[in-house]
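The structure appears below as structure tokens.
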Amino acid sequence: MVDVILGLQWGDEGKGKIVDYFAKNYDVIARFQGGPNAGHTLYIGDKKVVLHQIPSGIFHQDKINLIGNGVVLDVVTFKKECEAVSAFGVDYKKNLFISERTHLILPTHRALDKASELSKGLDKIGSTLKGIGPAYMDKTGRNGLRVGDILHPDFMEMYNKLRSKHYQLLGNFDFQEEITEWENAFFEAIEFIKGFKIVNGEYFINEKINKGMRVLAEGAQGSMLDVDFGTFPFVTSSNTISAGVCSGLGIAPQKIKEIIGITKAYCTRVGSGPFPTELFDDKGEFLRKTGNEFGSTTGRPRRCGWIDLVALNFACMINGVTQIVMTKADIMDELETLEVCKGYLVNGVESMQVPFQMHNLDLKPVYQSFKGWKKNISALKDISEMPEEMKTYISFINAYLNVEVKYISNGPGRDQLIVA
């Protein structure tokens, strides 16, 4: 049996804490897509740790963690993560497995990403410059190198062939940066990951499922960044939705049971792209400062706005969400009034659907106002303890989405969750 946890907005929904919270109920935690552009923040005691590629179950030492074939792996970042995890006393090699079909991010992928983004000027899509897009392009172009290739005696020949191709592409850009140090770190990290358990991921995970083990599939980014269904072209390069679990781990659809969607009590977005409910006033700045809305991977300030139920309903539909976790509800504690986007005015016509493209339309949010609860909720444990104003806010969201908010995160702590 496989359950899925994924983001329903533009990423940064707080998936790391939620996976960490649920991990105790599972035997295997598996990442199914994305790369080092993910930043899953956890608090171990009073210490903060950010995971970019390692599954968020790594701090549960009796759990199996798998990096699936749908991930693109930056081995340098991975090595640094392992060192950070080790500082907490975790034996990361014991229960961390890597699928041999996982594609590698090369130093020249990073160079191509940076050169391409810089060349776009004002038309930048907001890439994190981690080489993720070029790595996925090589995957679909059937040129990429995979983790299993590092064990092949001809790996260097394969590497140099792809490197030469990348340098030809870099000739189309004015890219003068020296990447020798990137390559030195890359090959040092390649030797490092040879010490891990590199497995045939699809057989590995299906054997666990067939033995009755419970699997939690962990997504990165968010549904509105999906390459097919997100706000294209301002999206990531992978399928961030539940369908990506099947192709990113090699499991059949009927194995999936619960799909747990994560949303903030408001909205954020990093980088360029449409954001209908974005706030440019003091309330937006309040959410940014109070919610510490700065990218855990990039450090960039996040754009902030009210919750968008049109986009959220779309995300629930395409994912088949069965239950919702709402994070950062405590950030709203001091607000007098809350706004909820319940529709869009698209070229003057009201709609409850996400359009084909947002960025070339006259699109305005249609809001419904709610009274704020004006109470510190950080110590609450049960939904019955919530202020009436908060119950009203949540009830409206439940009815609109026709999916129940089952858990509400009311602080960064591992156990700060209100259970419905």
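Residue numbers start at 1 in each chain; chains themselves are named A, B, ... in the order of the structure tokens; ligands are numbered from 1 in the order shown.
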
Could you build a table of the residues in region 289-408 of chain A lying no more than 12 Å from region 222-242 of chain A, giving for each the nearest pair of atoms and their separation in Å rounded to one decimal place, using only C-alpha atoms, ordered by chain and ascending residue number, as a tab-separated table?
```
residue	atom	partner	partner_atom	distance
A:Asp308	CA	A:Met224	CA	11.4
A:Val310	CA	A:Met224	CA	11.5
A:Ala311	CA	A:Met224	CA	7.7
A:Leu312	CA	A:Met224	CA	8.8
A:Asn313	CA	A:Ser223	CA	11.1
A:Phe314	CA	A:Met224	CA	9.0
A:Ala315	CA	A:Ser223	CA	6.0
A:Cys316	CA	A:Ser223	CA	9.0
A:Met317	CA	A:Ile241	CA	10.5
A:Ile318	CA	A:Ile241	CA	7.5
A:Asn319	CA	A:Ser242	CA	5.2
A:Gly320	CA	A:Ser242	CA	7.7
A:Val321	CA	A:Ser242	CA	8.7
A:Thr322	CA	A:Ser242	CA	11.5
A:Val354	CA	A:Thr231	CA	9.2
A:Pro355	CA	A:Thr231	CA	9.1
A:Phe356	CA	A:Thr231	CA	8.2
A:Gln357	CA	A:Thr231	CA	6.6
A:Met358	CA	A:Thr231	CA	7.0
A:His359	CA	A:Thr231	CA	8.2
A:Asn360	CA	A:Thr231	CA	11.2
```

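Those residues that approach region 340-349 of chain A to within 7 Å, counting only C-alpha atoms, are Trp306, Ile307, Asp308, Leu309, Val310, Leu361, Asp362, Leu363, Lys364, Pro365, Val366, Tyr367, Gln368 and Ser369 of chain A; same-chain residues fewer than 4 positions away are not listed.
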
Mind writing the picked residues with N, CA and C atoms as a compact mmCIF listing (two decimals), in the first residue's frame?
```txt
# COMPACT_ATOMS: atom_id res chain seq x y z
N TRP A 306 -3.20 35.87 -0.39
CA TRP A 306 -4.30 35.12 0.23
C TRP A 306 -4.43 33.74 -0.40
N ILE A 307 -5.08 32.84 0.32
CA ILE A 307 -5.30 31.49 -0.18
C ILE A 307 -6.17 31.55 -1.44
N ASP A 308 -5.82 30.72 -2.43
CA ASP A 308 -6.48 30.70 -3.74
C ASP A 308 -7.21 29.36 -3.88
N LEU A 309 -8.53 29.38 -3.65
CA LEU A 309 -9.29 28.13 -3.68
C LEU A 309 -9.57 27.65 -5.10
N VAL A 310 -9.51 28.53 -6.08
CA VAL A 310 -9.68 28.09 -7.46
C VAL A 310 -8.51 27.18 -7.84
N LEU A 361 -3.60 37.09 -19.48
CA LEU A 361 -5.03 37.40 -19.33
C LEU A 361 -5.22 38.57 -18.36
N ASP A 362 -6.35 39.23 -18.50
CA ASP A 362 -6.80 40.19 -17.49
C ASP A 362 -7.53 39.38 -16.44
N LEU A 363 -6.80 38.97 -15.39
CA LEU A 363 -7.34 38.05 -14.38
C LEU A 363 -7.29 38.71 -13.01
N LYS A 364 -8.44 38.76 -12.36
CA LYS A 364 -8.53 39.34 -11.02
C LYS A 364 -9.22 38.36 -10.08
N PRO A 365 -8.74 38.26 -8.85
CA PRO A 365 -9.38 37.35 -7.89
C PRO A 365 -10.71 37.90 -7.38
N VAL A 366 -11.65 37.00 -7.12
CA VAL A 366 -12.91 37.34 -6.48
C VAL A 366 -12.83 36.83 -5.03
N TYR A 367 -12.93 37.73 -4.08
CA TYR A 367 -12.69 37.38 -2.68
C TYR A 367 -13.98 37.27 -1.87
N GLN A 368 -13.89 36.43 -0.83
CA GLN A 368 -14.88 36.43 0.24
C GLN A 368 -14.13 36.71 1.54
N SER A 369 -14.65 37.60 2.35
CA SER A 369 -13.97 38.02 3.58
C SER A 369 -14.42 37.19 4.78
```

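Residue nearest Asn206 (chain A) within the list A:Val90, A:Met158, A:Ile190, A:Ala252: A:Ala252 [criterion: smallest interatomic distance, only C-alpha atoms].
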
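Non-sequential neighbours of His166 (chain A) (distance at most 10 Å, separation of 6 or more positions within a chain, only C-alpha atoms) are A:Leu106, A:Pro107, A:Thr108, A:His109, A:Ala111, A:Leu112, A:Pro134, A:Asn160.
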
Please dump the current selection as a PDB file, in the first residue's frame; keep C-alpha atoms.
```
ATOM      1  CA  LEU A 106      26.417  17.234 -14.139  1.00  0.00           C
ATOM      2  CA  PRO A 107      28.447  20.423 -13.591  1.00  0.00           C
ATOM      3  CA  THR A 108      27.725  21.363 -17.200  1.00  0.00           C
ATOM      4  CA  HIS A 109      23.972  21.028 -16.512  1.00  0.00           C
ATOM      5  CA  ALA A 111      26.371  25.872 -16.379  1.00  0.00           C
ATOM      6  CA  LEU A 112      23.683  25.468 -19.048  1.00  0.00           C
ATOM      7  CA  PRO A 134      18.922  20.715 -18.415  1.00  0.00           C
ATOM      8  CA  ASN A 160      33.224  13.286 -21.471  1.00  0.00           C
TER       9      ASN A 160
END
```

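Summary of the local environment: counting only C-alpha atoms, residues at most 8 Å from region 97-103 of chain A, other than itself and those fewer than 5 positions away along its chain, are Ile64, Asn65, Leu66, Ile67, Gly68, Asn69, Gly70, Val71, Val72, Leu73, Ala135, Lys139, Gly144, Leu145, Arg146, Val147, Gly148, Asp149, Phe196, Lys197, Ile198, Val199, Asn200, Gly201 and Glu202 of chain A.
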
Expected file: the selected residues, C-alpha atoms, as a PDB file, in the first residue's frame:
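Final file, out_29.pdb:
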```pdb
ATOM      1  CA  ILE A  64      13.842   2.673   4.733  1.00  0.00           C
ATOM      2  CA  ASN A  65      14.474   5.749   2.565  1.00  0.00           C
ATOM      3  CA  LEU A  66      14.600   5.562  -1.231  1.00  0.00           C
ATOM      4  CA  ILE A  67      15.625   8.171  -3.801  1.00  0.00           C
ATOM      5  CA  GLY A  68      13.522   7.147  -6.788  1.00  0.00           C
ATOM      6  CA  ASN A  69      14.236   7.170 -10.506  1.00  0.00           C
ATOM      7  CA  GLY A  70      12.098  10.286 -11.036  1.00  0.00           C
ATOM      8  CA  VAL A  71      14.600  12.389  -9.072  1.00  0.00           C
ATOM      9  CA  VAL A  72      17.555  14.179 -10.683  1.00  0.00           C
ATOM     10  CA  LEU A  73      20.463  13.889  -8.265  1.00  0.00           C
ATOM     11  CA  ALA A 135      19.207  17.363 -16.582  1.00  0.00           C
ATOM     12  CA  LYS A 139      16.628  12.561 -19.723  1.00  0.00           C
ATOM     13  CA  GLY A 144      21.467  11.618 -19.631  1.00  0.00           C
ATOM     14  CA  LEU A 145      23.739   9.737 -17.273  1.00  0.00           C
ATOM     15  CA  ARG A 146      22.231   7.746 -14.426  1.00  0.00           C
ATOM     16  CA  VAL A 147      23.446   6.610 -11.028  1.00  0.00           C
ATOM     17  CA  GLY A 148      23.878   3.066 -12.321  1.00  0.00           C
ATOM     18  CA  ASP A 149      26.309   4.376 -14.947  1.00  0.00           C
ATOM     19  CA  PHE A 196      25.664   3.631  -0.918  1.00  0.00           C
ATOM     20  CA  LYS A 197      23.201   0.851  -1.668  1.00  0.00           C
ATOM     21  CA  ILE A 198      22.402   1.437  -5.345  1.00  0.00           C
ATOM     22  CA  VAL A 199      19.380  -0.696  -6.185  1.00  0.00           C
ATOM     23  CA  ASN A 200      16.973  -1.551  -8.985  1.00  0.00           C
ATOM     24  CA  GLY A 201      14.413   0.833  -7.530  1.00  0.00           C
ATOM     25  CA  GLU A 202      11.232  -0.473  -9.101  1.00  0.00           C
TER      26      GLU A 202
END
```

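The nearest approach to Val28 (chain A) among the residues A:Phe192, A:Glu207, A:Phe186, A:Ala217, with only C-alpha atoms taken into account, belongs to A:Ala217.
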
Pick from A:Tyr92, A:Tyr393, A:Phe280, A:Phe294: nearest to Thr337 (chain A), with only C-alpha atoms counted?
A:Tyr393

List as a PyMOL selection string the protein and nucleic acid residues near Phe370 (chain A), meaning an atom at most 12 Å away when only C-alpha atoms are counted, but skip any in the same chain fewer than 2 places from it.
chain A and resi 306+332+335-341+367-368+372-374+388-397

I'd like the neighbourhood of Phe275 (chain A) as a short mmCIF file (atom, residue, chain, number, x, y, z; two decimals) with N, CA and C atoms, in the first residue's frame, where a residue qualifies if any of its atoms comes within 9 Å (using only C-alpha atoms), though same-chain residues fewer than 2 positions away should be ignored.
```
data_model
loop_
_atom_site.label_atom_id
_atom_site.label_comp_id
_atom_site.auth_asym_id
_atom_site.auth_seq_id
_atom_site.Cartn_x
_atom_site.Cartn_y
_atom_site.Cartn_z
N CYS A 267 -1.01 31.83 0.57
CA CYS A 267 -0.27 31.40 -0.62
C CYS A 267 1.10 32.06 -0.66
N THR A 268 2.07 31.33 -1.21
CA THR A 268 3.37 31.92 -1.51
C THR A 268 3.87 31.41 -2.84
N ARG A 269 4.78 32.16 -3.41
CA ARG A 269 5.44 31.73 -4.64
C ARG A 269 6.83 32.34 -4.69
N SER A 272 9.44 33.98 -10.79
CA SER A 272 8.47 34.60 -11.70
C SER A 272 7.23 33.73 -11.87
N GLY A 273 6.23 34.30 -12.54
CA GLY A 273 5.03 33.55 -12.88
C GLY A 273 3.78 34.12 -12.27
N THR A 277 -3.48 36.01 -6.35
CA THR A 277 -3.84 36.59 -5.04
C THR A 277 -2.67 37.29 -4.35
N GLU A 278 -1.61 37.57 -5.10
CA GLU A 278 -0.43 38.19 -4.51
C GLU A 278 -0.77 39.55 -3.88
N ARG A 303 7.01 35.63 -2.59
CA ARG A 303 5.84 36.47 -2.81
C ARG A 303 4.69 35.87 -1.98
N CYS A 304 3.89 36.72 -1.36
CA CYS A 304 2.85 36.24 -0.45
C CYS A 304 1.48 36.78 -0.84
N GLY A 305 0.44 36.01 -0.55
CA GLY A 305 -0.92 36.44 -0.85
C GLY A 305 -1.94 35.57 -0.15
N MET A 358 -2.36 31.91 -17.44
CA MET A 358 -2.78 33.04 -16.61
C MET A 358 -2.08 34.34 -16.98
N HIS A 359 -0.83 34.22 -17.41
CA HIS A 359 0.01 35.42 -17.47
C HIS A 359 -0.32 36.35 -18.64
#
```

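Looking only at region 205-337 of chain A, the set that DSSP places in strand (DSSP E) from backbone geometry is Val215, Leu216, Ala217, Glu218, Ile256, Lys257, Glu258, Ile259, Ile260, Gly261, Ile262, Thr263, Lys264, Cys267, Thr268, Arg269, Arg303, Cys304, Gly305, Ile307, Asp308, Gln323, Ile324, Val325, Met326, Thr327 and Thr337 of chain A.
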
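Using only C-alpha atoms, the protein and nucleic acid residues lying no more than 6 Å from region 408-414 of chain A, apart from those fewer than 2 places from it along its own chain, are Val325, Met326, Thr327, Lys328, Ala329, Asp330, Ser378, Gln416, Leu417 and Ile418 of chain A.
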
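Nearest residue to Glu258 (chain A) among A:Ile58, A:Leu216, A:Val4, A:Ile179 is A:Val4, counting only C-alpha atoms.
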